[in-house]
$ cat query08.csv   # CSV, C-alpha atoms
chain,number,residue,atom,x,y,z
A,176,MET,CA,8.0,49.9,182.9
A,177,GLU,CA,8.5,46.2,183.8
A,178,GLY,CA,5.2,44.4,184.3
A,179,LEU,CA,4.6,41.5,186.6
A,180,GLY,CA,6.7,38.5,185.4
A,181,LEU,CA,9.1,40.6,183.3
A,182,SER,CA,11.7,41.3,185.9
A,183,THR,CA,15.3,40.0,186.1
A,184,GLU,CA,14.6,39.1,189.7
A,185,PHE,CA,12.3,36.3,188.6
A,186,TRP,CA,14.0,35.1,185.4
A,187,LYS,CA,17.7,35.3,186.5
A,188,GLY,CA,19.1,31.7,186.6
A,189,LYS,CA,15.8,30.1,185.6
A,190,ARG,CA,16.3,27.0,183.3
A,191,VAL,CA,14.2,27.6,180.3
A,192,LEU,CA,13.6,25.3,177.3
A,193,LEU,CA,12.6,27.4,174.3
A,194,THR,CA,11.5,25.5,171.1
A,195,GLY,CA,11.6,27.4,167.8
A,196,HIS,CA,14.4,29.6,169.0
A,197,THR,CA,15.8,30.0,165.4
A,198,GLY,CA,12.5,31.5,164.1
A,199,PHE,CA,11.3,35.1,164.0
A,200,LYS,CA,9.3,35.1,167.3
A,201,GLY,CA,11.7,32.6,168.9
A,202,SER,CA,14.8,34.8,168.2
A,203,TRP,CA,13.2,37.9,169.7
A,204,LEU,CA,12.1,35.8,172.8
A,205,ALA,CA,15.6,34.2,173.1
A,206,LEU,CA,17.2,37.6,173.2
A,207,TRP,CA,14.7,38.9,175.8
A,208,LEU,CA,15.3,35.8,178.0
A,209,GLN,CA,19.0,36.3,177.8
A,210,SER,CA,18.7,39.9,178.8
A,211,LEU,CA,16.7,38.8,181.9
A,212,GLY,CA,19.5,36.4,182.9
A,213,ALA,CA,17.7,33.1,182.1
A,214,GLU,CA,19.7,30.0,181.3
A,215,VAL,CA,18.2,29.2,177.9
A,216,THR,CA,18.3,25.9,176.0
A,217,GLY,CA,17.0,26.3,172.4
A,218,TYR,CA,15.7,23.4,170.4
A,219,SER,CA,14.7,24.0,166.8
A,220,LEU,CA,15.4,23.2,163.1
A,221,ASP,CA,18.1,25.3,161.5
A,222,PRO,CA,17.1,28.8,160.6
A,223,GLN,CA,15.7,29.5,157.2
A,224,GLU,CA,18.1,29.9,154.3
A,225,GLY,CA,19.1,33.5,153.5
A,226,PRO,CA,18.8,36.3,156.1
A,227,SER,CA,17.3,35.6,159.4
A,228,LEU,CA,17.0,37.4,162.7
A,229,PHE,CA,18.7,34.5,164.5
A,230,THR,CA,21.8,34.9,162.4
A,231,LEU,CA,21.9,38.7,162.0
A,232,ALA,CA,21.4,39.3,165.8
A,233,ASP,CA,23.8,36.5,166.8
A,234,VAL,CA,21.0,35.0,169.0
A,235,GLY,CA,22.8,31.6,169.4
A,236,ALA,CA,25.8,33.1,171.2
A,237,GLY,CA,23.9,33.5,174.4
A,238,LEU,CA,22.2,30.2,174.8
A,239,ASP,CA,22.6,26.4,174.5
A,240,ASP,CA,21.8,26.1,170.8
A,241,ARG,CA,20.4,22.6,170.0
A,242,ARG,CA,19.1,21.6,166.6
A,243,GLY,CA,16.6,18.9,165.9
A,244,ASP,CA,13.0,18.0,164.9
A,245,LEU,CA,10.3,17.8,167.5
A,246,ARG,CA,8.9,14.8,165.7
A,247,ASP,CA,12.0,12.8,166.9
A,248,LEU,CA,10.9,12.0,170.4
A,249,GLY,CA,14.2,10.2,171.3
A,250,ALA,CA,16.3,13.2,170.3
A,251,LEU,CA,14.0,15.6,172.1
A,252,LEU,CA,14.1,13.5,175.3
A,253,GLU,CA,17.9,13.7,175.3
A,254,VAL,CA,17.8,17.5,175.1
A,255,VAL,CA,15.1,17.9,177.8
A,256,PHE,CA,16.9,15.5,180.1
A,257,ALA,CA,20.1,17.5,179.6
A,258,ALA,CA,18.4,20.9,180.1
A,259,GLN,CA,16.3,19.9,183.1
A,260,PRO,CA,14.0,22.9,182.4
A,261,GLU,CA,11.9,24.7,185.0
A,262,ILE,CA,9.9,26.5,182.4
A,263,ILE,CA,9.1,25.5,178.8
A,264,LEU,CA,8.1,27.9,176.1
A,265,HIS,CA,6.9,26.0,173.0
A,266,LEU,CA,7.0,28.2,169.9
A,267,ALA,CA,8.3,25.7,167.3
A,268,ALA,CA,5.7,25.1,164.5
A,269,GLN,CA,5.0,25.3,160.8
A,270,PRO,CA,3.5,28.8,161.0
A,271,LEU,CA,2.1,29.6,157.5
A,272,VAL,CA,-1.4,29.3,156.2
A,273,ARG,CA,-0.5,28.8,152.6
A,274,GLU,CA,2.3,26.3,153.4
A,275,GLY,CA,-0.4,24.3,155.2
A,276,TYR,CA,-2.3,24.0,151.9
A,277,ARG,CA,0.8,22.9,150.1
A,278,ASP,CA,1.9,20.4,152.7
A,279,PRO,CA,-0.9,19.4,155.0
A,280,LEU,CA,0.8,16.2,156.2
A,281,GLY,CA,3.9,18.0,157.2
A,282,THR,CA,1.9,20.8,158.8
A,283,TYR,CA,-0.1,18.4,161.0
A,284,SER,CA,2.9,16.2,161.9
A,285,SER,CA,5.1,19.2,162.8
A,286,ASN,CA,2.4,21.1,164.8
A,287,VAL,CA,0.4,18.2,166.4
A,288,MET,CA,3.0,15.4,166.8
A,289,GLY,CA,5.7,18.0,167.7
A,290,THR,CA,3.5,19.4,170.5
A,291,LEU,CA,2.6,15.9,171.6
A,292,ASN,CA,6.2,14.9,171.8
A,293,LEU,CA,7.1,18.0,173.8
A,294,LEU,CA,4.4,17.4,176.3
A,295,GLU,CA,5.3,13.8,176.7
A,296,ALA,CA,9.0,14.7,177.2
A,297,ALA,CA,7.9,17.3,179.8
A,298,ARG,CA,5.9,14.5,181.5
A,299,GLN,CA,8.7,12.0,181.5
A,300,VAL,CA,11.5,14.3,182.6
A,301,GLY,CA,9.4,16.0,185.3
A,302,THR,CA,11.5,19.0,186.1
A,303,ALA,CA,9.3,21.7,184.6
A,304,ARG,CA,6.8,23.6,186.7
A,305,ALA,CA,5.3,25.8,183.9
A,306,CYS,CA,4.7,25.3,180.1
A,307,VAL,CA,3.3,27.7,177.6
A,308,VAL,CA,2.2,26.2,174.3
A,309,VAL,CA,1.9,28.9,171.7
A,310,THR,CA,-0.9,28.5,169.1
A,311,THR,CA,-2.6,31.2,167.2
A,312,ASP,CA,-5.7,33.4,167.0
A,313,LYS,CA,-6.8,31.2,164.0
A,314,VAL,CA,-7.8,28.3,166.3
A,315,TYR,CA,-11.4,29.7,166.6
A,316,ALA,CA,-14.3,28.5,164.5
A,317,ASN,CA,-14.3,31.9,162.8
A,318,GLN,CA,-17.7,33.2,161.8
A,319,GLU,CA,-16.2,36.6,160.7
A,320,TRP,CA,-18.5,38.5,162.9
A,321,ALA,CA,-17.8,41.9,164.3
A,322,TRP,CA,-17.2,41.1,168.0
A,323,PRO,CA,-14.0,39.6,169.3
A,324,TYR,CA,-13.4,36.0,170.3
A,325,ARG,CA,-13.0,35.0,173.9
A,326,GLU,CA,-11.1,32.0,175.1
A,327,ASN,CA,-14.2,29.9,175.7
A,328,GLU,CA,-15.5,30.3,172.1
A,329,PRO,CA,-15.6,27.0,170.0
A,330,LEU,CA,-12.4,25.9,168.3
A,331,GLY,CA,-12.3,25.2,164.6
A,332,GLY,CA,-9.9,25.9,161.7
A,333,HIS,CA,-10.9,26.1,158.0
A,334,ASP,CA,-7.4,25.4,156.6
A,335,PRO,CA,-4.8,22.8,157.6
A,336,TYR,CA,-2.6,25.2,159.5
A,337,SER,CA,-5.5,26.7,161.6
A,338,SER,CA,-6.9,23.2,162.2
A,339,SER,CA,-3.5,21.8,163.3
A,340,LYS,CA,-3.2,24.6,165.9
A,341,ALA,CA,-6.8,23.9,167.1
A,342,CYS,CA,-5.7,20.3,167.5
A,343,CYS,CA,-2.8,21.5,169.7
A,344,GLU,CA,-5.3,23.3,171.9
A,345,LEU,CA,-7.3,20.1,172.4
A,346,LEU,CA,-4.1,18.1,172.9
A,347,ALA,CA,-2.9,20.5,175.7
A,348,GLN,CA,-6.4,20.4,177.3
A,349,SER,CA,-6.3,16.6,177.2
A,350,TYR,CA,-2.8,16.3,178.7
A,351,ALA,CA,-3.6,18.8,181.4
A,352,SER,CA,-6.8,16.9,182.4
A,353,SER,CA,-5.2,13.4,182.1
A,354,PHE,CA,-1.8,13.9,183.7
A,355,PHE,CA,-1.7,17.4,185.4
A,356,PRO,CA,-5.2,18.0,186.8
A,357,ALA,CA,-5.6,21.0,189.2
A,358,GLN,CA,-6.8,18.8,192.0
A,359,ARG,CA,-3.5,16.9,192.0
A,360,TYR,CA,-1.2,20.0,191.6
A,361,ALA,CA,0.5,19.4,194.9
A,362,GLU,CA,1.6,16.0,193.6
A,363,HIS,CA,2.7,16.8,190.1
A,364,GLY,CA,3.6,20.6,190.4
A,365,PHE,CA,3.1,21.3,186.7
A,366,ALA,CA,0.9,24.0,185.1
A,367,LEU,CA,0.1,24.1,181.4
A,368,ALA,CA,-1.4,26.9,179.3
A,369,THR,CA,-1.9,27.8,175.7
A,370,ALA,CA,-1.4,31.3,174.2
A,371,ARG,CA,-3.3,32.7,171.2
A,372,ALA,CA,-1.9,35.8,169.6
A,373,GLY,CA,-2.7,37.8,166.5
A,374,ASN,CA,-0.6,38.8,163.4
A,375,VAL,CA,2.8,39.9,164.6
A,376,LEU,CA,5.0,42.4,162.9
A,377,GLY,CA,8.6,43.5,163.6
A,378,GLY,CA,12.1,43.7,162.5
A,379,GLY,CA,13.8,40.5,161.4
A,380,ASP,CA,10.9,38.8,159.8
A,381,PHE,CA,12.1,37.3,156.5
A,382,ALA,CA,9.5,34.6,156.0
A,383,ALA,CA,8.0,34.0,152.6
A,384,GLU,CA,4.3,34.8,152.1
A,385,ARG,CA,4.1,37.2,155.1
A,386,LEU,CA,2.9,40.7,154.6
A,387,ILE,CA,5.9,42.8,155.9
A,388,PRO,CA,8.7,40.7,154.3
A,389,ASP,CA,6.8,40.7,151.0
A,390,VAL,CA,6.3,44.4,151.1
A,391,PHE,CA,10.0,45.2,151.9
A,392,LYS,CA,11.3,42.7,149.4
A,393,ALA,CA,9.2,44.1,146.6
A,394,TRP,CA,9.8,47.8,147.4
A,395,THR,CA,13.6,47.2,147.8
A,396,ALA,CA,13.6,45.8,144.3
A,397,GLY,CA,11.6,48.8,143.1
A,398,SER,CA,8.5,46.7,142.4
A,399,PRO,CA,4.9,47.1,143.6
A,400,VAL,CA,3.8,44.7,146.3
A,401,THR,CA,1.1,42.2,145.5
A,402,LEU,CA,-1.7,41.8,148.0
A,403,ARG,CA,-4.1,38.9,148.1
A,404,TYR,CA,-6.6,40.2,150.7
A,405,PRO,CA,-6.2,44.0,150.9
A,406,LYS,CA,-9.6,44.4,152.7
A,407,ALA,CA,-8.9,41.6,155.3
A,408,VAL,CA,-8.9,42.9,158.9
A,409,ARG,CA,-6.2,41.5,161.2
A,410,PRO,CA,-5.2,41.9,164.8
A,411,TRP,CA,-1.8,43.5,164.1
A,412,GLN,CA,0.7,44.0,166.9
A,413,HIS,CA,4.5,44.2,167.3
A,414,VAL,CA,6.1,40.8,168.0
A,415,LEU,CA,7.2,41.9,171.5
A,416,GLU,CA,3.5,42.4,172.6
A,417,PRO,CA,2.6,38.7,172.7
A,418,LEU,CA,6.1,37.7,173.8
A,419,ALA,CA,5.6,39.9,176.9
A,420,GLY,CA,2.3,38.0,177.4
A,421,TYR,CA,4.1,34.6,177.2
A,422,LEU,CA,6.6,35.7,179.8
A,423,GLN,CA,3.9,37.0,182.1
A,424,LEU,CA,1.9,33.8,181.6
A,425,ALA,CA,4.9,31.6,182.3
A,426,HIS,CA,5.5,33.6,185.5
A,427,GLY,CA,1.9,33.1,186.6
A,428,LEU,CA,2.0,29.4,185.9
A,429,PHE,CA,5.3,29.1,187.9
A,430,THR,CA,4.1,31.1,190.9
A,431,GLN,CA,0.3,30.5,190.9
A,432,GLY,CA,0.1,27.0,189.4
A,433,CYS,CA,-3.1,25.7,187.8
A,434,GLU,CA,-4.8,29.0,188.7
A,435,ARG,CA,-3.2,30.4,185.6
A,436,ALA,CA,-3.8,27.3,183.4
A,437,GLY,CA,-6.0,27.2,180.3
A,438,ALA,CA,-6.2,29.4,177.2
A,439,TRP,CA,-5.2,33.0,176.9
A,440,ASN,CA,-5.6,35.6,174.2
A,441,PHE,CA,-3.0,38.3,173.5
A,442,GLY,CA,-4.4,40.8,170.9
A,443,PRO,CA,-4.1,44.5,170.1
A,444,ARG,CA,-6.3,47.4,171.1
A,445,ASP,CA,-9.5,47.8,169.0
A,446,GLU,CA,-8.2,51.0,167.4
A,447,ASP,CA,-5.2,49.1,166.0
A,448,MET,CA,-7.4,46.7,164.1
A,449,CYS,CA,-7.1,47.6,160.4
A,450,THR,CA,-7.0,46.1,156.9
A,451,VAL,CA,-4.0,44.7,155.1
A,452,GLY,CA,-4.2,47.6,152.6
A,453,GLU,CA,-4.2,50.2,155.4
A,454,VAL,CA,-1.0,48.7,156.9
A,455,VAL,CA,0.7,48.9,153.6
A,456,GLU,CA,-0.4,52.5,153.1
A,457,ARG,CA,1.0,53.5,156.5
A,458,LEU,CA,4.3,51.8,155.7
A,459,ALA,CA,4.4,53.6,152.4
A,460,ARG,CA,4.3,57.0,154.2
A,461,GLY,CA,7.5,56.1,156.0
A,462,TRP,CA,9.2,54.4,153.0
A,463,GLY,CA,9.3,57.5,150.8
A,464,GLU,CA,8.7,56.7,147.1
A,465,ALA,CA,7.0,53.3,147.5
A,466,PRO,CA,6.3,51.6,144.2
A,467,GLY,CA,2.7,51.0,145.1
A,468,LEU,CA,0.7,47.8,145.1
A,469,LEU,CA,-1.2,45.3,143.0
A,470,ILE,CA,-4.2,43.2,143.8
A,471,GLU,CA,-4.1,39.5,143.1
A,472,PRO,CA,-7.0,37.5,144.4
A,473,SER,CA,-6.0,34.4,146.4
A,474,ASP,CA,-6.7,30.9,145.3
A,475,VAL,CA,-7.1,29.6,148.9
A,476,HIS,CA,-9.3,30.6,151.8
A,477,GLU,CA,-8.1,33.0,154.4
A,478,ALA,CA,-10.1,34.7,157.0
A,479,GLY,CA,-11.5,38.2,156.2
A,480,LEU,CA,-12.2,39.4,159.8
A,481,LEU,CA,-10.7,38.2,163.1
A,482,ARG,CA,-10.6,39.9,166.4
A,483,LEU,CA,-9.5,38.8,169.9
A,484,ASP,CA,-10.8,39.7,173.3
A,485,SER,CA,-7.8,39.9,175.6
A,486,SER,CA,-9.7,41.0,178.7
A,487,ARG,CA,-8.5,38.0,180.7
A,488,ALA,CA,-4.9,38.7,180.1
A,489,ARG,CA,-5.3,42.3,181.0
A,490,GLN,CA,-7.3,41.7,184.2
A,491,VAL,CA,-5.5,38.6,185.5
A,492,LEU,CA,-1.9,38.9,184.3
A,493,GLY,CA,-1.7,42.7,184.1
A,494,TRP,CA,-0.7,42.4,180.5
A,495,GLN,CA,-1.5,45.2,178.1
A,496,PRO,CA,-0.3,46.4,174.7
A,497,ARG,CA,2.4,49.0,174.9
A,498,TRP,CA,2.9,50.2,171.3
A,499,THR,CA,0.3,51.6,169.0
A,500,LEU,CA,0.2,50.2,165.4
A,501,GLU,CA,1.9,53.4,164.3
A,502,GLN,CA,4.8,52.8,166.7
A,503,CYS,CA,4.9,49.1,165.7
A,504,LEU,CA,5.3,50.0,162.0
A,505,ALA,CA,7.8,52.7,162.7
A,506,HIS,CA,10.1,50.3,164.6
A,507,THR,CA,9.6,47.6,162.0
A,508,LEU,CA,10.6,50.0,159.2
A,509,HIS,CA,13.6,51.4,161.3
A,510,TRP,CA,14.9,47.8,161.8
A,511,HIS,CA,14.8,47.1,158.1
A,512,GLN,CA,16.5,50.3,157.2
A,513,GLN,CA,19.2,49.8,159.7
A,514,TRP,CA,19.8,46.3,158.3
A,515,GLN,CA,20.1,47.7,154.8
A,516,LEU,CA,22.7,50.2,156.1
A,517,GLY,CA,24.8,47.4,157.5
A,518,ALA,CA,24.3,48.3,161.2
A,519,ASP,CA,25.0,46.0,164.2
A,520,MET,CA,21.7,44.2,164.1
A,521,GLN,CA,22.0,42.6,167.5
A,522,GLN,CA,22.4,46.0,169.0
A,523,VAL,CA,19.6,47.5,167.0
A,524,THR,CA,17.3,44.6,168.1
A,525,LEU,CA,18.3,45.0,171.7
A,526,ASN,CA,17.7,48.8,171.5
A,527,HIS,CA,14.1,48.1,170.2
A,528,LEU,CA,13.6,45.6,173.1
A,529,ASN,CA,14.8,48.1,175.7
A,530,THR,CA,12.6,50.9,174.2
A,531,PHE,CA,9.6,48.5,174.4
A,532,LYS,CA,10.4,47.5,178.0
A,533,GLU,CA,10.4,51.2,179.0
A,534,ALA,CA,7.1,52.0,177.2
A,535,ARG,CA,3.9,52.7,179.2
$ encode --input "query08.csv" --output "structure tokens"
Amino acid sequence: MEGLGLSTEFWKGKRVLLTGHTGFKGSWLALWLQSLGAEVTGYSLDPQEGPSLFTLADVGAGLDDRRGDLRDLGALLEVVFAAQPEIILHLAAQPLVREGYRDPLGTYSSNVMGTLNLLEAARQVGTARACVVVTTDKVYANQEWAWPYRENEPLGGHDPYSSSKACCELLAQSYASSFFPAQRYAEHGFALATARAGNVLGGGDFAAERLIPDVFKAWTAGSPVTLRYPKAVRPWQHVLEPLAGYLQLAHGLFTQGCERAGAWNFGPRDEDMCTVGEVVERLARGWGEAPGLLIEPSDVHEAGLLRLDSSRARQVLGWQPRWTLEQCLAHTLHWHQQWQLGADMQQVTLNHLNTFKEAR
């Protein structure tokens, strides 16, 4: 089932600038855009050392693969002028909470100045009609209460990573108000939105200090996995869920303009909210003889409870989660097992994408 904004009819031939295309989410999105017939220019740092989805799935073969740092405005402007994008999807970021504690300056400069440079490049080049800036569910001033956060809740951020992403939200709001106001849309023709998603899972995630990569790495080595916050509740979802939201949001911005601007949540169903420990237990059932787990209390603050209200995306964009958490974990485990068996990982990844697109 193809939802509104996910059809080849819309995306075929569209010039798309995708930042962060060498990362986990960016690689999945790049393959999806390629399958829809979009003309994709990717701009990012090199993929991480060691295995990466970008390399294993040969993502770069189907796009204009540009490398560089978003903090270099001159280099970024050259790429944007050359690409002449109609749609911009901004995923590039320093994405890890614990890395934010180790390198706060690098985290703020990458996330805030990188986003500022991207918006300024879009303003100067002037070809884009739609821009989606991806942030995170952690932008909220989290009180760890039971009910989910809506897009109009106060922004915050206890740690440097979360705070840097909240800064990106404020930055996007400021640029929209200052340079792309709704009342002048006929003049500038540019619509800007931010997207806040929960914790994503899926095949091809090899980042350090993320739950699934840590679990698979430990169990493959025959060791128990170490958990810092086994009772922390997270909005788990397969990586393709929010990516579908980004595509539908970009379509809405392109066709409806500033009516689709602002902030948007993309989170899982309530029944798929569960603890870190429960996710590991469910994975263990599919793994076989999993070596178990150890508890090691964290030395830094991380949220214990965080939920999103995605009513706006469901009602306005027609977006909704397609896979249950069980399906998400099954596909994630299958991808990892196929990689260990030496399968063609581009084909495996595309098969997962096609299965998701057909889900109801």
$ residues_near_point --input "query08.csv" --point "(7.2, 50.1, 177.3)" --cutoff "12 Å" --atoms "only C-alpha atoms" --output "list in words"
Met176, Glu177, Gly178, Leu181, His413, Leu415, Glu416, Ala419, Trp494, Gln495, Pro496, Arg497, Trp498, Thr499, Gln502, Cys503, His527, Leu528, Asn529, Thr530, Phe531, Lys532, Glu533, Ala534 and Arg535 of chain A
$ residues_around --input "query08.csv" --residues "range 209-214 of chain A" --least-positions-apart "6" --cutoff "8 Å" --atoms "all atoms listed in the file" --output "PDB file with C-alpha atoms, in the coordinates of the input"
ATOM      1  CA  LEU A 181       9.100  40.600 183.300  1.00  0.00           C
ATOM      2  CA  SER A 182      11.700  41.300 185.900  1.00  0.00           C
ATOM      3  CA  THR A 183      15.300  40.000 186.100  1.00  0.00           C
ATOM      4  CA  TRP A 186      14.000  35.100 185.400  1.00  0.00           C
ATOM      5  CA  LYS A 187      17.700  35.300 186.500  1.00  0.00           C
ATOM      6  CA  GLY A 188      19.100  31.700 186.600  1.00  0.00           C
ATOM      7  CA  LYS A 189      15.800  30.100 185.600  1.00  0.00           C
ATOM      8  CA  ARG A 190      16.300  27.000 183.300  1.00  0.00           C
ATOM      9  CA  VAL A 191      14.200  27.600 180.300  1.00  0.00           C
ATOM     10  CA  GLY A 237      23.900  33.500 174.400  1.00  0.00           C
ATOM     11  CA  LEU A 238      22.200  30.200 174.800  1.00  0.00           C
TER      12      LEU A 238
END
$ atom_distance --input "query08.csv" --atom1 "CA of Leu293 in chain A" --atom2 "CA of Tyr421 in chain A"
17.2 Å
$ residues_around --input "query08.csv" --residues "Glu384 in chain A" --least-positions-apart "3" --cutoff "8 Å" --atoms "all atoms listed in the file" --output "count of residues only"
4
$ closest_residue --input "query08.csv" --among "A:Ala361, A:Leu220, A:Ala393, A:Ala372" --to "Tyr324 in chain A" --atoms "all atoms listed in the file"
A:Ala372
$ atom_distance --input "query08.csv" --atom1 "CA of Ala341 in chain A" --atom2 "CA of Glu362 in chain A"
28.9 Å
$ closest_residue --input "query08.csv" --among "A:Leu252, A:Leu376, A:Met520, A:Leu330" --to "Glu501 in chain A" --atoms "all atoms listed in the file"
A:Leu376
$ closest_residue --input "query08.csv" --among "A:Leu469, A:Ala296, A:Leu483, A:Ala396" --to "Thr311 in chain A" --atoms "all atoms listed in the file"
A:Leu483
$ closest_atom_pairs --input "query08.csv" --of "range 313-391 of chain A" --to "range 426-443 of chain A" --cutoff "9 Å" --atoms "only C-alpha atoms" --output "CSV"
residue,atom,partner,partner_atom,distance
A:Tyr324,CA,A:Asn440,CA,8.7
A:Arg325,CA,A:Asn440,CA,7.4
A:Glu326,CA,A:Ala438,CA,5.9
A:Asn327,CA,A:Ala438,CA,8.2
A:Glu344,CA,A:Ala438,CA,8.1
A:Ala347,CA,A:Gly437,CA,8.7
A:Gln348,CA,A:Gly437,CA,7.4
A:Ala351,CA,A:Ala436,CA,8.7
A:Phe355,CA,A:Cys433,CA,8.8
A:Pro356,CA,A:Cys433,CA,8.0
A:Ala357,CA,A:Cys433,CA,5.5
A:Gln358,CA,A:Cys433,CA,8.9
A:Tyr360,CA,A:Cys433,CA,7.1
A:Gly364,CA,A:Gly432,CA,7.4
A:Phe365,CA,A:Gly432,CA,7.0
A:Ala366,CA,A:Cys433,CA,5.1
A:Leu367,CA,A:Ala436,CA,5.4
A:Ala368,CA,A:Gly437,CA,4.7
A:Thr369,CA,A:Ala438,CA,4.8
A:Ala370,CA,A:Trp439,CA,5.0
A:Arg371,CA,A:Asn440,CA,4.8
A:Ala372,CA,A:Phe441,CA,4.8
A:Gly373,CA,A:Gly442,CA,5.6
A:Asn374,CA,A:Gly442,CA,8.6
$ residues_around --input "query08.csv" --residues "Val523 in chain A" --least-positions-apart "5" --cutoff "8 Å" --atoms "all atoms listed in the file" --output "list in words"
Trp510, Gln513 and Ala518 of chain A
$ closest_residue --input "query08.csv" --among "A:Gly377, A:Gly217, A:Pro226, A:Gly331" --to "Gly243 in chain A" --atoms "only C-alpha atoms"
A:Gly217
$ build_atoms --input "query08.csv" --residues "range 511-523 of chain A" --atoms "N, CA, C and O atoms" --output "CSV table (one decimal), in the frame of the given file"
chain,number,residue,atom,x,y,z
A,511,HIS,N,14.4,47.5,159.5
A,511,HIS,CA,14.8,47.1,158.1
A,511,HIS,C,15.8,48.1,157.5
A,511,HIS,O,16.7,47.7,156.8
A,512,GLN,N,15.5,49.3,157.7
A,512,GLN,CA,16.5,50.3,157.2
A,512,GLN,C,17.8,50.2,157.8
A,512,GLN,O,18.9,50.4,157.1
A,513,GLN,N,17.9,49.9,159.1
A,513,GLN,CA,19.2,49.8,159.7
A,513,GLN,C,20.0,48.5,159.2
A,513,GLN,O,21.2,48.6,159.0
A,514,TRP,N,19.2,47.5,158.9
A,514,TRP,CA,19.8,46.3,158.3
A,514,TRP,C,20.4,46.6,156.9
A,514,TRP,O,21.5,46.2,156.6
A,515,GLN,N,19.6,47.4,156.1
A,515,GLN,CA,20.1,47.7,154.8
A,515,GLN,C,21.4,48.6,154.9
A,515,GLN,O,22.2,48.6,153.9
A,516,LEU,N,21.5,49.4,155.9
A,516,LEU,CA,22.7,50.2,156.1
A,516,LEU,C,23.9,49.5,156.7
A,516,LEU,O,24.9,50.1,156.9
A,517,GLY,N,23.7,48.2,157.0
A,517,GLY,CA,24.8,47.4,157.5
A,517,GLY,C,25.1,47.6,159.0
A,517,GLY,O,26.2,47.4,159.5
A,518,ALA,N,24.1,48.0,159.8
A,518,ALA,CA,24.3,48.3,161.2
A,518,ALA,C,24.5,47.0,162.0
A,518,ALA,O,24.2,45.9,161.5
A,519,ASP,N,24.9,47.1,163.2
A,519,ASP,CA,25.0,46.0,164.2
A,519,ASP,C,23.6,45.6,164.6
A,519,ASP,O,23.0,46.2,165.4
A,520,MET,N,23.1,44.5,164.0
A,520,MET,CA,21.7,44.2,164.1
A,520,MET,C,21.3,43.6,165.5
A,520,MET,O,20.2,43.6,165.9
A,521,GLN,N,22.3,43.0,166.2
A,521,GLN,CA,22.0,42.6,167.5
A,521,GLN,C,21.8,43.8,168.4
A,521,GLN,O,20.8,43.8,169.2
A,522,GLN,N,22.6,44.8,168.2
A,522,GLN,CA,22.4,46.0,169.0
A,522,GLN,C,21.1,46.8,168.7
A,522,GLN,O,20.4,47.3,169.6
A,523,VAL,N,20.8,46.8,167.4
A,523,VAL,CA,19.6,47.5,167.0
A,523,VAL,C,18.4,46.7,167.6
A,523,VAL,O,17.4,47.3,168.1
